[in-house]
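For reference, the structure discussed in these notes is given below.
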Amino acid sequence: MKPKLMGVVNVTPDSFSDGGRFLDAEAAVAHGRELAEQGAGILDVGGESTRPGAGAVSAEEELGRVVPVVAGLAGTATVSVDTSKLEVAEAALDAGASIVNDVTALRNDPEIGALCAERDAGLILMHMLGDPRTMQANPVYDDVVADVKAFLAERLEAAVGAGVAKERVWLDPGIGFGKTLEHNLELLRRLGELRELGRPLVVGTSRKSFIGKVDGSDVGDRIGGTIASSVLAMAEGAEVLRVHDVAQTAQAVTVAEAIRG
Ligand code: HH2
């Protein structure tokens, strides 16, 4: 099955790859519309950077960044909000988002589970070791794939316990979130094992530093690595690919799908 593309719409001054460029809400909405035209079926709007070492943002500030962009994009595509804060998730759902993308998998604000249940919203649960300030310090796993799988299984249970329909939950191994280069490569190589959890997999490799660690490329020059990793994730069963470069990834996915038949 051809995966859906989730286009990244960052409204932050400090995102690692496009920080500051779309701070202006109007520009962010225009960017989101362009990504939808290029083939993004989902637009992921985020107002807090999760870059390693990034500073925290208040709920008020994050809300101010995210809500006008969600409202401007609702109706253009399915909108997800990339947040770990209950207030921001709630305001974004009010403004027209239908998915909450929580990179803390309900650990920061467990009540996001009840909110999604009540609104029948989709929920993305992502694996992260530690938090963005500390996650890259010295990540250690017994077996990174087994550990991530056990974590996601436990978080899926927590979401279902909070009332979220299992069918509304998507799972994400969290490429780059508390992982060494080897951890990231191993997760991508063995992604298929996570399909045993029985939920669609979301994978975000776009422009991430593991690509630069493989070939020395800078963040602005990682489209090739993004496409290679996205297409291999697709071959391993990823159903959603979270990317900045939608047009190029859409072409890659379309050609890969044509070859697979
Ligand atoms: N990666 C980032 C942010 N949110 N959400 C999911 N589900 N999966 C990911 O892999 C993921 C995510 C980091 O990328 P980006 O949004 O470009 O950077 P920043 O967090 O600095 O805005």
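Every chain in the structure tokens takes a letter, A first, then B, and so on in the order presented; its residues are numbered from 1, and the ligands are numbered from 1 following the presented order.
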Selection as a PyMOL selection string: residues within 8 Å of ligand 1 by only C-alpha atoms and all ligand atoms: chain A and resi 8-12+14-19+46-52+54+82+101-103+124-126+171-177+202-208+242-244
Just asking: which residues within segment 16-228 of chain A are strand (DSSP E or B) according to DSSP, as an NGL selection string? :A and (40-46 or 74 or 77-82 or 99-102 or 122-126 or 169-172 or 201-203)
One number please: atom CA of Pro139 of chain A to atom CA of Glu196 of chain A, in Å, one decimal.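 Calculated distance between atom CA of Pro139 of chain A and atom CA of Glu196 of chain A is 24.4 Å.
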Need to verify the contact set: Glu62 of chain A, 12 Å, only C-alpha atoms, exclusion of same-chain residues closer than 4 positions in sequence. Can you return it as a ChimeraX atom specification? /A:10-13,23,45-49,56-58,66-69,81-89,91-92
Nearby residues (only C-alpha atoms) at most 8 Å from Gly96 of chain A, same-chain spacing under 2 positions excluded, as a PyMOL selection string: chain A and resi 70-71+74-75+79+92-94+98
DSSP on the backbone: what in segment 120-202 of chain A comes out helix (DSSP H, G or I), as a ChimeraX atom specification? /A:144-161,166-168,181-189,191-197
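Using only C-alpha atoms for every distance, the candidate list A:Val253, A:Val145, A:Cys116, A:Leu201 yields A:Cys116 as the residue closest to Val160 of chain A.
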I'd like the contact shell of Ala252 of chain A - 9 Å cut-off, only C-alpha atoms, skipping same-chain residues fewer than 5 positions apart - returned as a list of chain:residue names. A:Ile227, A:Ala228, A:Ser230, A:Val231, A:Ala247, A:Glu257
